[in-house]
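Here's the structure we're looking at; comments come further down.
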2 protein chains.
Amino acid sequence: MRSDDLDLLRELPLFQGISDAGFRELTQAAFLQRFPAQVTLINEGEHPDFLHVVLEGLVEMFARDRQRETVLTIVQPVSTFILAAVITDEIYLKSARTLVASRILMLPAASVRKVFAEEPAFARAIVGELGFRYREVVRELKNQKLRSGAERLAAWLLGQREIADGAREITIPFEKRVLASLLGMTPENLSRAFATLAAYDVTTSGRRIVIGDPAALWKLVQPSQFIDEWKNGE
Amino acid sequence: MRSDDLDLLRELPLFQGISDAGFRELTQAAFLQRFPAQVTLINEGEHPDFLHVVLEGLVEMFARDRQRETVLTIVQPVSTFILAAVITDEIYLKSARTLVASRILMLPAASVRKVFAEEPAFARAIVGELGFRYREVVRELKNQKLRSGAERLAAWLLGQREIADGAREITIPFEKRVLASLLGMTPENLSRAFATLAAYDVTTSGRRIVIGDPAALWKLVQPSQFIDEWKNGE
DNA sequence: TCGGGGACTTGATCGAGATCAATTTTTTCT
DNA sequence: AGAAAAAATTGATCTCGATCAAGTCCCCGA
């Protein structure tokens with residue numbers, strides 16, 4: 001494993017404040033793996049053996065029930081996923097698959113639980129992480145229950161714009177079918193939602209989107225810091 | 001405060017393992033309050049001053065966005081709510097209101113954070129609680145995205161039946177409008193969903209529901225331990 | 001016990017979203 | 001570059017859920 005990968009890891013909020021010994025315990029039995037796109041990393045129902053960290057690439061968390069499937073979140077570097085399952089030692093509730101070629105670091109679940117038990121600083125960091133994740137899901141549930149499809153799309157676009165520092169043009173980093181599922185709609189309806197937003201000066205060309213009039217979208221969804229994590233205050 | 005209320009509190013998983021001194025710190029500045037039905041306890045957007053514990057009654061967690069409102073969870077005794085906001089010291093993402101007359105214990109947020117910082121056992125207990133809550137919300141998100149309205153109702157009925165230890169008849173402990181919102185539908189559609197389930201031998205009379213043929217409902221939703229918390233294995 | 005008002009139900013209509021089918025565009029592979 | 005495969009779009013239709021409007025039931029208070 002490259003030492004700058006370890007540095008990346010060390011800088012995550014989750015690993016701040018733990019001792020060097022604890023960090024070594026976590027990483028010594030860890031291993032780094034490269035995966036091509038479309039590889040399933042974990043399956044819902046399995047027992048967690050590793051805490052995964054996306055160092056590079058993109059990972060999609062999804063779930064299935066009968067014939068239906070839905071995307072729950074997209075994990076971007078650098079962050080961990082399935083921490084809750086690892087720490088509570090319960091089966092996964094989500095499956096994970098790479099969307100593009102990715103580098104994934106895998107920390108043995110047993111080590112994570114060991115350091116968790118021994119180092120109060122790690123336990124406290126995990127509280128911070130879980131608290132944040134919990135609030136993320138609550139926001140997403142509100143997004144789903146309180147907004148229409150077109151509104152969810154508009155909110156997502158404004159969020160991406162925020163991340164891109166207010167850029168006029170943004171690019172969807174994955175297939176539109178994935179975005180559709182993430183937003184809780186079919187690909188067909190995503191197309192129509194884009195068509196609806198044309199009236200708000202949103203123009204598309206493949207994965208690239210130009211937001212000509214952010215204020216119009218803003219008025220449509222009225223983003224709220226109680227739903228949209230990216231929106232703080234004004 | 002009655003001492004048996006303290007006992008109730010002490011028995012919660014969240015407070016296991018912390019020192020008597022820590023427990024005293026938490027409870028000495030706490031106070032107990034009785035509220036009639038339909039009282040708003042907290043509002044989304046406010047800063048958390050207390051960790052709330054429902055000792056008796058029923059509390060509804062809900063959220064608003066523009067004109068729309070949705071019920072997110074129902075909190076039953078004995079359990080805490082809004083722990084995540086208290087521990088991360090961030091604004092509430094949900095509002096809370098009593099559904100019936102309730103007794104609520106309020107622990108000062110500052111004390112909670114103090115004991116959290118000082119007692120590793122408390123920090124670890126909070127990890128367990130947050131991990132569990134996180135998984136609850138993920139399940140609910142999957143429930144919403146992967147099931148139809150009638151299926152969500154059927155799953156809810158089967159869950160209540162499980163809680164009631166397989167009883168043929170169950171009683172909705174709150175108004176049907178609340179259940180409708182919790183399940184993500186309108187009161188009108190809940191009525192129709194019940195009408196649909198009549199074909200599966202579900203009969204209603206006010207808030208009392210008789211589930212004549214659980215196997216039929218089972219076949220309809222195919223409950224999954226990946227969505228329905230009450231369903232473990234077979 | 002008798003209103004009165006809210007909760008619930010039912011019917012009719014409307015709109016959003018899903019599905020099916022066909023076509024166009026884009027990507028990928030040789 | 002060209003062919004094949006996959007993704008995206010578009011149109012038509014259908015289903016589910018929302019809304020509007022009565023009407024009924026039930027609970028609560030005077």
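Each chain in the structure tokens gets a letter, A, B and so on, in the order shown; residues start at 1 in every chain, and ligands are counted from 1 in the order they appear.
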- Query: Just asking: which residues within segment 80-177 of chain B are alpha helix (DSSP H) according to DSSP, as JSON, numbers by chain?
  - Reply: {"B": [83, 84, 85, 86, 87, 88, 109, 110, 111, 112, 113, 114, 115, 116, 117, 118, 120, 121, 122, 123, 124, 125, 126, 127, 128, 129, 130, 131, 132, 133, 134, 135, 136, 137, 138, 139, 140, 141, 142, 143, 144, 145, 146, 149, 150, 151, 152, 153, 154, 155, 156, 157, 158, 159, 160, 161, 162, 163, 176, 177]}
List every residue of chain D that has an atom at most 9 Å from any atom of chain B, giving for each one its closest atom pair and the distance in Å to one decimal, counting only C-alpha atoms (C1' of nucleotides), sorted by chain and then by ascending residue number, as CSV.
```
residue,atom,partner,partner_atom,distance
D:DC16,C1',B:Ser148,CA,8.7
D:DG17,C1',B:Asn189,CA,7.0
D:DA18,C1',B:Thr186,CA,7.6
```
*What residues in chain B have any atom no more than 9 Å from chain A when counting only C-alpha atoms, and can you write them as number ranges by chain?*
B: 44-45, 63-66, 68-70, 72, 83-85, 87-88, 91-94, 116-117, 119-121, 123-124, 126-128, 130-135, 137-142, 144-147, 184, 222, 224-227
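When only C-alpha atoms (C1' of nucleotides) are used to compute distances to DC14 of chain C, the closest of the residues D:DA1, D:DC28, D:DC20, D:DA8 turns out to be D:DC20.
With only C-alpha atoms as the atoms that count, the residue of A:Arg97, A:Arg10, A:Arg152, A:Arg2 with the shortest distance to Leu220 of chain A is A:Arg152.
In this model, the gap between atom CA of Leu8 of chain A and atom CA of Phe174 of chain A comes to 24.0 Å.
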